[in-house]
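Undergrad: Sharing data.cif (mmCIF, C-alpha atoms and all ligand atoms) below.
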data_structure
loop_
_atom_site.label_atom_id
_atom_site.label_comp_id
_atom_site.auth_asym_id
_atom_site.auth_seq_id
_atom_site.Cartn_x
_atom_site.Cartn_y
_atom_site.Cartn_z
CA MET K 94 303.50 9.35 162.03
CA LYS K 95 305.71 9.57 158.96
CA THR K 96 305.44 11.34 155.62
CA GLN K 97 307.74 12.55 152.85
CA VAL K 98 306.77 16.23 152.83
CA ALA K 99 305.12 17.80 155.89
CA ILE K 100 303.17 20.91 154.89
CA ILE K 101 302.26 23.56 157.46
CA GLY K 102 299.15 25.55 156.43
CA ALA K 103 296.16 24.67 154.25
CA GLY K 104 295.82 27.95 152.37
CA PRO K 105 296.17 27.93 148.59
CA ALA K 106 299.96 27.41 148.74
CA GLY K 107 299.84 24.37 151.05
CA LEU K 108 296.89 22.75 149.33
CA LEU K 109 298.25 23.25 145.81
CA LEU K 110 301.68 21.91 146.73
CA GLY K 111 299.98 18.97 148.44
CA GLN K 112 297.91 18.18 145.38
CA LEU K 113 300.81 18.33 142.92
CA LEU K 114 303.00 16.15 145.15
CA HIS K 115 300.20 13.67 145.81
CA ASN K 116 299.53 13.32 142.06
CA ALA K 117 303.24 12.63 141.56
CA GLY K 118 303.14 9.82 144.13
CA ILE K 119 304.95 11.78 146.85
CA ASP K 120 303.37 11.41 150.29
CA THR K 121 302.30 14.58 152.13
CA LEU K 122 300.60 15.52 155.38
CA ILE K 123 299.09 18.98 155.84
CA VAL K 124 298.58 20.50 159.30
CA GLU K 125 296.37 23.57 159.56
CA ARG K 126 295.64 25.69 162.61
CA GLN K 127 292.07 26.61 161.66
CA THR K 128 288.96 24.64 160.69
CA PRO K 129 288.06 24.23 156.98
CA GLU K 130 285.05 26.51 157.49
CA TYR K 131 287.27 29.26 158.88
CA VAL K 132 289.73 28.95 156.00
CA LEU K 133 286.88 29.21 153.48
CA GLY K 134 285.39 32.21 155.28
CA ARG K 135 288.33 34.43 154.36
CA ILE K 136 287.67 36.72 151.40
CA ARG K 137 290.87 37.34 149.48
CA ALA K 138 292.01 38.30 145.98
CA GLY K 139 290.59 37.08 142.71
CA VAL K 140 292.88 37.48 139.68
CA LEU K 141 294.89 34.46 138.48
CA GLU K 142 297.85 34.79 136.14
CA GLN K 143 298.13 32.40 133.23
CA GLY K 144 300.97 30.52 134.96
CA MET K 145 298.75 29.83 137.96
CA VAL K 146 295.83 28.83 135.75
CA GLU K 147 298.08 26.30 134.01
CA LEU K 148 299.42 25.02 137.33
CA LEU K 149 295.86 24.46 138.60
CA ARG K 150 295.10 22.54 135.39
CA GLN K 151 298.27 20.49 135.85
CA ALA K 152 297.14 19.69 139.39
CA GLY K 153 293.77 18.52 138.05
CA VAL K 154 291.76 21.07 140.02
CA ALA K 155 290.68 23.44 137.25
CA ARG K 156 287.37 22.00 136.08
CA ARG K 157 285.13 24.49 137.91
CA MET K 158 287.52 27.39 137.28
CA ASP K 159 287.45 26.67 133.55
CA ARG K 160 283.65 26.56 133.66
CA GLU K 161 282.88 29.48 135.95
CA GLY K 162 285.98 31.70 135.90
CA LEU K 163 285.94 34.86 133.80
CA VAL K 164 288.75 35.25 131.26
CA HIS K 165 289.77 38.91 131.09
CA ASP K 166 291.63 40.19 128.04
CA GLY K 167 292.32 43.59 129.56
CA PHE K 168 291.63 46.06 132.36
CA GLU K 169 290.97 49.78 132.68
CA LEU K 170 292.94 52.49 134.41
CA ALA K 171 290.74 55.45 135.37
CA LEU K 172 293.14 58.35 135.72
CA ASP K 173 291.54 61.39 137.27
CA GLY K 174 288.33 60.72 135.35
CA ARG K 175 289.79 59.46 132.03
CA LEU K 176 289.64 55.76 131.10
CA VAL K 177 292.76 54.12 129.63
CA HIS K 178 292.37 50.58 128.37
CA ILE K 179 295.24 48.14 128.95
CA ASP K 180 294.65 45.49 126.31
CA LEU K 181 296.48 42.59 127.94
CA LYS K 182 295.92 40.19 125.10
CA SER K 183 297.26 42.32 122.28
CA LEU K 184 300.10 43.76 124.38
CA THR K 185 301.37 40.33 125.46
CA ALA K 186 300.87 38.28 122.28
CA GLY K 187 297.75 36.56 123.51
CA LYS K 188 298.04 36.29 127.30
CA THR K 189 295.05 36.88 129.56
CA VAL K 190 294.14 36.57 133.26
CA MET K 191 291.37 34.58 134.96
CA VAL K 192 289.04 36.25 137.41
CA TYR K 193 288.19 33.51 139.95
CA GLY K 194 288.15 34.05 143.71
CA GLN K 195 290.88 32.69 145.95
CA THR K 196 288.13 31.27 148.16
CA GLU K 197 286.90 29.19 145.21
CA VAL K 198 290.45 28.04 144.37
CA THR K 199 290.78 26.92 147.99
CA ARG K 200 287.38 25.18 147.94
CA ASP K 201 288.35 23.24 144.77
CA LEU K 202 291.72 22.27 146.25
CA MET K 203 290.10 21.10 149.51
CA ALA K 204 287.62 18.96 147.57
CA ALA K 205 290.41 17.43 145.47
CA ARG K 206 292.43 16.61 148.57
CA ARG K 207 289.42 14.99 150.25
CA GLU K 208 288.82 12.85 147.16
CA SER K 209 292.48 11.87 146.91
CA GLY K 210 292.43 10.51 150.45
CA ALA K 211 295.59 12.43 151.37
CA GLN K 212 295.60 13.52 155.00
CA THR K 213 294.94 17.05 156.28
CA ILE K 214 294.77 17.71 159.99
CA TYR K 215 292.65 20.79 160.69
CA ALA K 216 292.42 22.61 164.03
CA ALA K 217 296.00 21.53 164.87
CA ARG K 218 297.43 23.53 167.78
CA ASP K 219 301.04 24.56 168.47
CA VAL K 220 302.57 23.28 165.26
CA VAL K 221 306.39 23.40 165.55
CA PRO K 222 309.03 22.40 163.00
CA HIS K 223 312.18 20.72 164.39
CA GLY K 224 315.57 19.56 163.14
CA MET K 225 315.45 21.68 159.99
CA LYS K 226 319.23 21.67 159.71
CA SER K 227 319.47 17.91 160.22
CA ASP K 228 318.70 15.03 157.84
CA GLU K 229 315.81 14.00 160.06
CA PRO K 230 313.42 16.91 160.38
CA PHE K 231 310.01 16.52 162.02
CA ILE K 232 307.05 18.55 163.11
CA THR K 233 305.03 18.32 166.31
CA PHE K 234 301.53 19.57 167.03
CA ASP K 235 298.64 19.11 169.44
CA LYS K 236 295.31 17.74 168.37
CA ASP K 237 292.41 16.89 170.69
CA GLY K 238 294.64 17.09 173.74
CA GLU K 239 297.34 14.77 172.38
CA THR K 240 300.80 15.68 171.07
CA TRP K 241 301.76 14.20 167.72
CA ARG K 242 305.10 13.88 165.93
CA VAL K 243 305.47 13.57 162.17
CA ASP K 244 308.88 12.53 160.80
CA CYS K 245 309.55 13.70 157.25
CA ASP K 246 312.16 14.42 154.59
CA TYR K 247 311.22 18.09 154.07
CA ILE K 248 308.99 20.72 155.66
CA ALA K 249 307.03 23.23 153.55
CA GLY K 250 306.11 26.39 155.47
CA CYS K 251 302.88 27.49 153.75
CA ASP K 252 301.43 29.08 156.86
CA GLY K 253 301.03 32.68 155.80
CA PHE K 254 302.46 35.91 157.13
CA HIS K 255 301.68 35.18 160.81
CA GLY K 256 302.69 31.52 160.68
CA VAL K 257 305.20 29.58 162.74
CA ALA K 258 307.56 28.48 159.93
CA ARG K 259 309.37 31.77 159.34
CA GLN K 260 309.41 32.47 163.08
CA SER K 261 311.19 29.14 163.70
CA ILE K 262 314.23 30.27 161.74
CA PRO K 263 316.88 32.01 163.90
CA ALA K 264 316.49 35.75 163.32
CA ASP K 265 320.19 36.20 162.53
CA CYS K 266 319.82 33.85 159.54
CA LEU K 267 317.18 36.03 157.89
CA LYS K 268 317.15 39.45 156.32
CA VAL K 269 313.83 41.26 156.23
CA PHE K 270 312.91 43.90 153.65
CA GLU K 271 309.79 45.84 154.46
CA ARG K 272 307.70 48.85 153.55
CA VAL K 273 304.46 49.73 155.29
CA TYR K 274 302.14 52.13 153.45
CA PRO K 275 300.23 54.84 155.31
CA PHE K 276 296.85 53.56 154.11
CA GLY K 277 294.73 50.44 153.79
CA TRP K 278 292.04 49.08 151.50
CA LEU K 279 288.44 49.00 152.62
CA GLY K 280 286.83 46.15 150.67
CA ILE K 281 283.19 45.31 150.14
CA LEU K 282 281.58 42.22 148.61
CA ALA K 283 278.06 42.61 147.21
CA ASP K 284 275.55 40.70 145.11
CA THR K 285 275.31 43.36 142.43
CA PRO K 286 276.23 43.26 138.72
CA PRO K 287 279.72 44.61 137.92
CA VAL K 288 279.83 48.28 136.94
CA HIS K 289 282.07 47.38 133.98
CA ASP K 290 282.99 44.16 132.19
CA GLU K 291 286.67 44.63 133.07
CA LEU K 292 288.43 45.56 136.31
CA VAL K 293 288.83 49.30 136.82
CA TYR K 294 291.82 50.66 138.79
CA ALA K 295 290.99 54.29 139.59
CA ARG K 296 293.45 57.00 140.59
CA HIS K 297 291.72 60.02 142.11
CA GLU K 298 292.73 62.93 144.32
CA ARG K 299 290.36 61.58 147.02
CA GLY K 300 292.26 58.28 146.89
CA PHE K 301 292.49 55.04 144.93
CA ALA K 302 289.46 52.86 144.13
CA LEU K 303 289.17 49.44 142.49
CA CYS K 304 286.16 47.83 140.84
CA SER K 305 286.54 44.07 140.72
CA MET K 306 284.16 41.15 140.52
CA ARG K 307 283.68 37.49 141.33
CA SER K 308 280.95 36.68 138.77
CA ALA K 309 278.28 38.35 136.62
CA THR K 310 276.26 38.89 139.79
CA ARG K 311 278.86 39.38 142.53
CA THR K 312 281.19 42.35 142.88
CA ARG K 313 284.20 43.29 144.96
CA TYR K 314 285.04 46.99 145.36
CA TYR K 315 287.85 48.66 147.27
CA LEU K 316 288.62 52.18 148.52
CA GLN K 317 291.93 53.54 149.76
CA VAL K 318 291.41 54.67 153.38
CA PRO K 319 293.78 55.99 156.06
CA ALA K 320 295.64 53.22 157.93
CA GLN K 321 293.82 53.86 161.23
CA GLU K 322 290.33 53.86 159.70
CA LYS K 323 287.65 51.75 161.46
CA VAL K 324 285.36 49.57 159.39
CA GLU K 325 282.43 50.40 161.77
CA ASP K 326 282.61 53.98 160.55
CA TRP K 327 281.78 52.90 157.01
CA SER K 328 278.10 52.24 156.40
CA ASP K 329 277.29 50.72 153.02
CA GLN K 330 275.84 54.07 151.97
CA ARG K 331 279.02 55.92 152.87
CA PHE K 332 281.07 53.38 150.90
CA TRP K 333 278.96 53.65 147.75
CA ASP K 334 278.85 57.47 147.93
CA GLU K 335 282.63 57.66 148.23
CA LEU K 336 283.18 55.11 145.44
CA LYS K 337 280.99 57.15 143.08
CA LYS K 338 283.08 60.24 143.77
CA ARG K 339 286.28 58.43 142.76
CA LEU K 340 284.98 56.89 139.51
CA PRO K 341 284.65 58.63 136.14
CA PRO K 342 281.10 60.07 135.92
CA ALA K 343 280.00 57.65 133.18
CA LEU K 344 280.83 54.70 135.44
CA ALA K 345 279.52 56.31 138.63
CA GLU K 346 276.12 56.74 136.94
CA LYS K 347 276.00 53.05 136.02
CA LEU K 348 277.06 51.77 139.45
CA VAL K 349 274.48 49.42 140.94
CA THR K 350 274.64 49.46 144.74
CA GLY K 351 273.27 46.97 147.26
CA PRO K 352 273.81 45.60 150.76
CA SER K 353 277.33 44.37 151.50
CA ILE K 354 277.91 40.69 152.27
CA GLU K 355 281.35 41.35 153.67
CA LYS K 356 283.29 44.47 154.58
CA SER K 357 286.82 44.66 155.92
CA ILE K 358 289.98 46.76 155.96
CA ALA K 359 293.37 45.32 154.97
CA PRO K 360 296.67 47.13 155.59
CA LEU K 361 299.08 47.54 152.67
CA ARG K 362 302.58 46.17 153.06
CA SER K 363 305.58 45.10 151.02
CA PHE K 364 307.64 42.41 152.78
CA VAL K 365 310.31 39.93 151.69
CA VAL K 366 312.44 37.62 153.78
CA GLU K 367 315.73 36.28 152.47
CA PRO K 368 316.56 33.46 152.13
CA MET K 369 313.30 31.56 151.72
CA GLN K 370 314.74 28.39 153.18
CA TYR K 371 316.55 27.11 156.24
CA GLY K 372 317.99 23.64 155.86
CA ARG K 373 315.09 21.33 155.07
CA LEU K 374 312.45 23.98 155.79
CA PHE K 375 311.15 25.92 152.78
CA LEU K 376 308.98 29.04 152.96
CA LEU K 377 306.27 29.56 150.34
CA GLY K 378 303.69 32.27 149.68
CA ASP K 379 302.76 34.79 152.35
CA ALA K 380 305.09 33.07 154.84
CA ALA K 381 307.98 34.56 152.85
CA HIS K 382 306.60 37.65 151.15
CA ILE K 383 303.72 40.10 151.09
CA VAL K 384 302.81 42.51 148.31
CA PRO K 385 300.29 45.33 148.41
CA PRO K 386 297.24 44.08 146.48
CA THR K 387 297.35 46.68 143.71
CA GLY K 388 298.87 44.34 141.11
CA ALA K 389 296.94 41.23 142.29
CA LYS K 390 300.22 39.37 142.78
CA GLY K 391 299.95 37.81 146.29
CA LEU K 392 298.20 34.58 145.38
CA ASN K 393 300.10 34.30 142.10
CA LEU K 394 303.46 34.52 143.84
CA ALA K 395 302.38 31.73 146.19
CA ALA K 396 301.63 29.65 143.08
CA SER K 397 305.03 30.29 141.50
CA ASP K 398 306.80 29.31 144.75
CA VAL K 399 304.74 26.11 144.74
CA SER K 400 305.72 25.40 141.14
CA THR K 401 309.41 25.90 141.96
CA LEU K 402 309.43 23.68 145.05
CA PHE K 403 307.28 21.03 143.39
CA ASN K 404 309.59 20.78 140.37
CA ILE K 405 312.68 20.65 142.58
CA LEU K 406 311.15 17.92 144.78
CA LEU K 407 310.20 15.94 141.66
CA LYS K 408 313.86 15.96 140.61
CA VAL K 409 314.93 15.03 144.14
CA TYR K 410 312.59 12.04 144.41
CA ARG K 411 312.84 10.85 140.79
CA GLU K 412 316.47 11.59 139.92
CA GLY K 413 318.18 12.08 143.27
CA ARG K 414 319.04 15.68 142.26
CA THR K 415 319.43 17.04 145.81
CA ASP K 416 321.79 19.76 144.52
CA LEU K 417 318.72 21.72 143.36
CA LEU K 418 317.34 22.11 146.89
CA GLU K 419 319.76 24.85 147.81
CA LYS K 420 318.73 26.83 144.72
CA TYR K 421 315.07 27.08 145.79
CA SER K 422 315.39 30.45 147.45
CA GLN K 423 317.37 32.20 144.75
CA ILE K 424 315.08 30.92 141.99
CA CYS K 425 311.97 32.09 143.87
CA LEU K 426 313.40 35.43 144.91
CA ARG K 427 314.19 36.52 141.36
CA ARG K 428 310.49 36.35 140.50
CA VAL K 429 309.33 37.55 143.92
CA TRP K 430 311.34 40.77 143.67
CA LYS K 431 310.00 41.54 140.21
CA ALA K 432 306.44 41.17 141.48
CA GLU K 433 307.35 43.23 144.56
CA ARG K 434 308.61 45.96 142.27
CA PHE K 435 305.51 45.91 140.08
CA SER K 436 303.12 45.90 143.08
CA TRP K 437 305.03 48.76 144.71
CA TRP K 438 304.98 50.69 141.43
CA MET K 439 301.25 50.21 140.81
CA THR K 440 300.61 51.23 144.43
CA SER K 441 302.83 54.29 144.16
CA MET K 442 301.30 55.41 140.87
CA LEU K 443 297.64 54.96 141.74
CA HIS K 444 297.30 55.96 145.41
CA HIS K 445 297.14 59.35 147.01
CA PHE K 446 300.06 59.99 149.37
CA ASP K 447 299.38 62.83 151.83
CA GLU K 448 303.09 63.29 152.40
CA HIS K 449 303.89 63.88 148.72
CA ASP K 450 304.84 67.45 147.99
CA ASP K 451 303.78 69.21 144.79
CA PHE K 452 306.93 68.15 142.97
CA SER K 453 306.47 64.46 143.82
CA GLN K 454 302.85 64.63 142.69
CA ARG K 455 303.80 66.09 139.30
CA ILE K 456 306.54 63.48 138.82
CA CYS K 457 304.11 60.68 139.63
CA ALA K 458 301.40 62.04 137.31
CA SER K 459 303.90 62.50 134.52
CA GLU K 460 305.37 59.01 134.95
CA LEU K 461 301.91 57.53 134.65
CA ASP K 462 301.09 59.78 131.69
CA TYR K 463 304.25 58.58 129.97
CA PHE K 464 303.54 54.90 130.64
CA VAL K 465 299.94 54.88 129.42
CA ASN K 466 300.63 56.94 126.31
CA SER K 467 303.56 54.86 125.16
CA GLU K 468 303.14 51.43 123.58
CA ALA K 469 306.32 50.34 125.40
CA GLY K 470 304.89 51.58 128.71
CA ARG K 471 301.56 49.81 128.23
CA LYS K 472 303.45 46.63 127.26
CA THR K 473 305.47 46.81 130.46
CA ILE K 474 302.32 47.13 132.54
CA ALA K 475 300.59 44.31 130.66
CA GLU K 476 303.57 41.94 130.73
CA ASN K 477 303.84 42.28 134.50
CA TYR K 478 300.09 42.12 135.09
CA VAL K 479 299.60 38.82 133.23
CA GLY K 480 302.60 37.47 135.12
CA LEU K 481 306.27 36.98 134.30
CA PRO K 482 307.28 33.47 133.19
CA TYR K 483 308.18 30.74 135.68
CA GLU K 484 311.84 29.69 135.59
CA ALA K 485 312.59 26.24 134.25
CA ILE K 486 314.06 23.86 136.86
CA GLU K 487 316.99 22.03 135.27
N1 LIG E 501 300.11 26.28 162.13
C1 LIG E 501 299.35 25.76 161.14
N2 LIG E 501 298.72 26.51 160.20
C2 LIG E 501 298.89 27.83 160.26
C3 LIG E 501 299.70 28.44 161.25
C4 LIG E 501 300.31 27.61 162.22
N3 LIG E 501 301.08 28.12 163.20
N4 LIG E 501 299.69 29.78 161.06
C5 LIG E 501 298.92 29.99 159.98
N5 LIG E 501 298.43 28.83 159.51
C6 LIG E 501 297.53 28.65 158.34
C7 LIG E 501 296.49 29.72 158.21
O1 LIG E 501 295.36 29.46 159.03
C8 LIG E 501 296.16 29.65 156.74
O2 LIG E 501 295.09 28.77 156.45
O3 LIG E 501 298.29 28.75 157.15
C9 LIG E 501 297.43 29.15 156.09
C10 LIG E 501 298.13 30.21 155.25
O4 LIG E 501 297.31 30.57 154.17
P1 LIG E 501 297.35 32.02 153.47
O5 LIG E 501 297.47 33.07 154.51
O6 LIG E 501 296.20 32.09 152.54
O7 LIG E 501 298.74 32.02 152.67
P2 LIG E 501 299.19 31.30 151.32
O8 LIG E 501 298.71 29.90 151.24
O9 LIG E 501 300.64 31.61 151.21
O10 LIG E 501 298.35 32.03 150.21
C11 LIG E 501 298.79 33.01 149.36
O11 LIG E 501 298.74 35.33 149.03
O12 LIG E 501 298.47 37.58 149.12
C12 LIG E 501 297.98 36.42 149.46
O13 LIG E 501 295.58 36.62 149.38
C13 LIG E 501 296.70 35.90 149.10
O14 LIG E 501 296.23 34.59 151.03
C14 LIG E 501 296.79 34.54 149.77
C15 LIG E 501 298.23 34.31 149.78
C1 LIG E 502 289.98 41.36 143.97
O1 LIG E 502 289.09 41.05 143.15
O2 LIG E 502 289.83 41.10 145.18
C2 LIG E 502 291.19 42.05 143.51
C3 LIG E 502 291.39 42.24 142.15
C4 LIG E 502 292.51 42.89 141.71
C5 LIG E 502 293.43 43.37 142.60
C6 LIG E 502 293.26 43.17 143.96
C7 LIG E 502 292.13 42.52 144.42
O3 LIG E 502 294.53 44.03 142.14
#
Would you mind writing the structure in this file as C-alpha cells?
TA:
Amino acid sequence: MKTQVAIIGAGPAGLLLGQLLHNAGIDTLIVERQTPEYVLGRIRAGVLEQGMVELLRQAGVARRMDREGLVHDGFELALDGRLVHIDLKSLTAGKTVMVYGQTEVTRDLMAARRESGAQTIYAARDVVPHGMKSDEPFITFDKDGETWRVDCDYIAGCDGFHGVARQSIPADCLKVFERVYPFGWLGILADTPPVHDELVYARHERGFALCSMRSATRTRYYLQVPAQEKVEDWSDQRFWDELKKRLPPALAEKLVTGPSIEKSIAPLRSFVVEPMQYGRLFLLGDAAHIVPPTGAKGLNLAASDVSTLFNILLKVYREGRTDLLEKYSQICLRRVWKAERFSWWMTSMLHHFDEHDDFSQRICASELDYFVNSEAGRKTIAENYVGLPYEAIE
C-alpha cells in the first residue's frame, strides 16, 4: 500500500490530522491498535479552547459540537470554602471555552472519516515505523494474520503516551522531562444535573475536587486521592460524601447524587520529550507530552500540534516548502511548555501536598490569594485557561 501521510493512532490527534489533510486533498492512512468501540469507550477530558473549536470548524466536524456543546464564559475557584469567579470572557476580551467531551469529538471525527471514504485500519497489531531518517519511510503492521507495508512521505505518531512512535526513536536522540505527582484523580461520570452552571475547581485541606459536566443532565466529578488508591475501595456513596466535604457548603447542599456510570483513577504526570520529531516521523499529542489534567490542556495541546503539522504539510505539498519541516518541534514545544507550566501551576496551587511543610503551605496560599485578588493575576489565569494563540506558520 501507499499513502502520503501514514498516521499511527486514531485518537483525537490522529483523526483530526487525518480529516484536515484529507480535506486538503492529501492522502492519509490511519492505523489504530484498538477497535472503534474500544476507542469510544474511553472517558477523557471535556474542555475545548477556542483555538481547538476553530480547528474543528475548519475541519468541518463541528456541527454537533456547535449544537450541543456548552459555551462557558467563566469558571469558579473554590478556595477553602470561598468562591472566586474567573470571568474568562471579560478578562480575555471576549474569549470563552467549549464544554464538549473528548469522546464526542472522537465520535464526530470518526463519522466524518467514514463519510469521507478515507481509510482507517482498526485492530492493527504490531505497528512499526521504519526508515524515518531516509526519504522513503514506511510502516508495517499485522492485520488478520497478514503483514502489511505502507510506503509514505511522512509518518505522524499520534499513538498516545504508550504508543510505538516515540519508542521507535533511539533513546539517545531524545531528552525526557518528567514529574510524577504523589496523587491521582478519582473520576466519576453520572446522569445527574450539574451542581453549578460553571466548572468549579476546589482547593481544600482534604484535597482537590473538580465539578465538571458533559451536558445539562450528565456530570463529571473528580477527587484528589493518594497515588496508590484502589477504585474498588470507593463506593458511590463514599465518593459523594467526600465530594460534599470538599465543596463550599452552599454547593454541597445543592449537589444531586446518583449512581455512577463510570469510575476510574488516573495518575497525574507532567512529561515532555524533546525533540518532537525524528527525520520524517513527527510526534503529536500524548505521544510527545502529558500534562496533569488540572488546566484541561491535554486534548488542546494535541490540537495545536495537529494545527502546526497540518499547516507545515500544506506548505510542503502546495509550495514545496520542505524547510519548514525541521521547525515543527521547536514551534510546538514553545506552546507545549507554556501549557506544561500552567498545568503544573494549577496543580501545585490547588492540590494538597502531604510533603509540604508549613512554610510551603503559606507560600502557596499567599500566591493564590495574590493571583485571585489582582486583576493582573486573574487575567493571567484566564489567558492561559482559554488557550494561548497558535503560532502562524510562514
Ligand atoms: N499502534 C497503533 N495505535 C496505537 C498504538 C500502536 N502501537 N499505541 C496506541 N495507539 C492508539 C491508542 O489506542 C489510541 O486510540 O493511539 C491512540 C492515541 O490516542 P490518545 O491516547 O487519545 O492520544 P491523542 O490522540 O494524542 O489525544 C490527546 O490528550 O490528555 C489527553 O485526554 C487527552 O487523550 C487525549 C489526548
Ligand atoms: C472534565 O470534564 O473531564 C475535565 C474538565 C476540566 C479539567 C479536567 C477535566 O480541568
Undergrad: Quick one: residues within 10 Å of Asp237 in chain K, all atoms listed in the file, excluding same-chain residues fewer than 5 positions away - as an NGL selection string?
TA: :K and (216-218)
Undergrad: Could the residues in this selection be written to a file with C-alpha atoms, as a PDB file, in the frame of the given file?
TA:
ATOM      1  CA  ALA K 216     292.420  22.610 164.030  1.00  0.00           C
ATOM      2  CA  ALA K 217     296.000  21.530 164.870  1.00  0.00           C
ATOM      3  CA  ARG K 218     297.430  23.530 167.780  1.00  0.00           C
TER       4      ARG K 218
END
Undergrad: Please, what distance in Å, to one decimal, runs between CA of Asn393 in chain K and CA of Thr121 in chain K?
TA: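 Separation between CA of Asn393 in chain K and CA of Thr121 in chain K: 22.2 Å.
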Undergrad: Hey, what's within 10 Å of range 226-234 of chain K if we count all atoms listed in the file and toss same-chain stuff fewer than 2 positions away? As a ChimeraX atom specification, please?
TA: /K:94-96,98-101,124-126,214,217-224,236,238-248,371-374
Undergrad: Let me have all residues with an atom within 6 Å of ligand LIG 501 (chain E), counting all atoms listed in the file, laid out as a list of chain:residue names.
TA: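 I would give the residues around ligand LIG 501 (chain E) as K:Ile101, K:Gly102, K:Ala103, K:Gly104, K:Pro105, K:Ala106, K:Gly107, K:Val124, K:Glu125, K:Arg126, K:Gln127, K:Val132, K:Arg137, K:Ala138, K:Val220, K:Cys251, K:Asp252, K:Gly253, K:His255, K:Gly256, K:Val257, K:Gly378, K:Asp379, K:Ala380, K:Gly391, K:Leu392, K:Ala395.
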Undergrad: Distance table requested - chain K against ligand LIG 502 (chain E), cut-off 7 Å, only C-alpha atoms and all ligand atoms: one row per qualifying residue with the closest atom pair and its distance in Å to one decimal, ordered by chain and rising residue number, as CSV.
TA:
residue,atom,partner,partner_atom,distance
K:Arg137,CA,E:LIG502,O2,5.8
K:Ala138,CA,E:LIG502,O2,3.6
K:Gly139,CA,E:LIG502,O1,4.3
K:Val140,CA,E:LIG502,C3,5.6
K:Ser305,CA,E:LIG502,O1,4.6
K:Met306,CA,E:LIG502,O1,5.6
K:Arg307,CA,E:LIG502,O1,6.7
K:Arg313,CA,E:LIG502,O1,5.7
K:Pro386,CA,E:LIG502,C6,4.8
K:Thr387,CA,E:LIG502,O3,4.2
K:Gly388,CA,E:LIG502,O3,4.5
K:Ala389,CA,E:LIG502,O3,3.7
Undergrad: Counting only C-alpha atoms, which of K:Trp438, K:Tyr410, K:Phe446, K:Phe168 gets nearest to Ala117 in chain K?
TA: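 The answer is K:Tyr410, which sits nearest to Ala117 in chain K.
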Undergrad: Near Ile262 in chain K, within 9 Å and counting all atoms listed in the file, which residues show up once chain neighbours fewer than 4 positions away are dropped, as a ChimeraX atom specification?
TA: /K:225,258,266-267,370-371,374
Undergrad: Go ahead and write the selection's residues with C-alpha atoms as a CSV table (one decimal), keeping the file's coordinate frame.
TA:
chain,number,residue,atom,x,y,z
K,225,MET,CA,315.4,21.7,160.0
K,258,ALA,CA,307.6,28.5,159.9
K,266,CYS,CA,319.8,33.8,159.5
K,267,LEU,CA,317.2,36.0,157.9
K,370,GLN,CA,314.7,28.4,153.2
K,371,TYR,CA,316.6,27.1,156.2
K,374,LEU,CA,312.4,24.0,155.8
Undergrad: Which one of K:Gly210, K:Pro319, K:Gly174, K:Pro275 sits closest to Pro342 in chain K if you count all atoms listed in the file?
TA: K:Gly174
Undergrad: I need the residue nearest Gly300 in chain K from this list: K:Arg331, K:His445, K:His178, K:Lys188. Use only C-alpha atoms for the distance.
TA: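 So, comparing all the options, the nearest one is K:His445.
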Undergrad: Neighbours of Glu197 in chain K within 12 Å (only C-alpha atoms; same-chain residues fewer than 4 positions away dropped), as an mmCIF file with C-alpha atoms, keeping the file's coordinate frame?
TA:
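Now in result15.cif:
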data_model
loop_
_atom_site.group_PDB
_atom_site.id
_atom_site.type_symbol
_atom_site.label_atom_id
_atom_site.label_comp_id
_atom_site.auth_asym_id
_atom_site.auth_seq_id
_atom_site.Cartn_x
_atom_site.Cartn_y
_atom_site.Cartn_z
ATOM 1 C CA GLY K 104 295.820 27.950 152.370
ATOM 2 C CA PRO K 105 296.170 27.930 148.590
ATOM 3 C CA VAL K 132 289.730 28.950 156.000
ATOM 4 C CA LEU K 133 286.880 29.210 153.480
ATOM 5 C CA GLY K 134 285.390 32.210 155.280
ATOM 6 C CA ARG K 135 288.330 34.430 154.360
ATOM 7 C CA ILE K 136 287.670 36.720 151.400
ATOM 8 C CA ARG K 137 290.870 37.340 149.480
ATOM 9 C CA ALA K 138 292.010 38.300 145.980
ATOM 10 C CA GLY K 139 290.590 37.080 142.710
ATOM 11 C CA VAL K 140 292.880 37.480 139.680
ATOM 12 C CA LEU K 141 294.890 34.460 138.480
ATOM 13 C CA VAL K 154 291.760 21.070 140.020
ATOM 14 C CA ALA K 155 290.680 23.440 137.250
ATOM 15 C CA ARG K 156 287.370 22.000 136.080
ATOM 16 C CA ARG K 157 285.130 24.490 137.910
ATOM 17 C CA MET K 158 287.520 27.390 137.280
ATOM 18 C CA ASP K 159 287.450 26.670 133.550
ATOM 19 C CA GLU K 161 282.880 29.480 135.950
ATOM 20 C CA GLY K 162 285.980 31.700 135.900
ATOM 21 C CA VAL K 192 289.040 36.250 137.410
ATOM 22 C CA TYR K 193 288.190 33.510 139.950
ATOM 23 C CA ASP K 201 288.350 23.240 144.770
ATOM 24 C CA LEU K 202 291.720 22.270 146.250
ATOM 25 C CA MET K 203 290.100 21.100 149.510
ATOM 26 C CA ALA K 204 287.620 18.960 147.570
ATOM 27 C CA ARG K 307 283.680 37.490 141.330
ATOM 28 C CA SER K 308 280.950 36.680 138.770
#
Undergrad: Kindly give the distance, in Å, that separates CA of Lys408 in chain K and CA of Leu113 in chain K, rounded to a single decimal.
TA: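 About the pair CA of Lys408 in chain K and CA of Leu113 in chain K: they are 13.5 Å apart.
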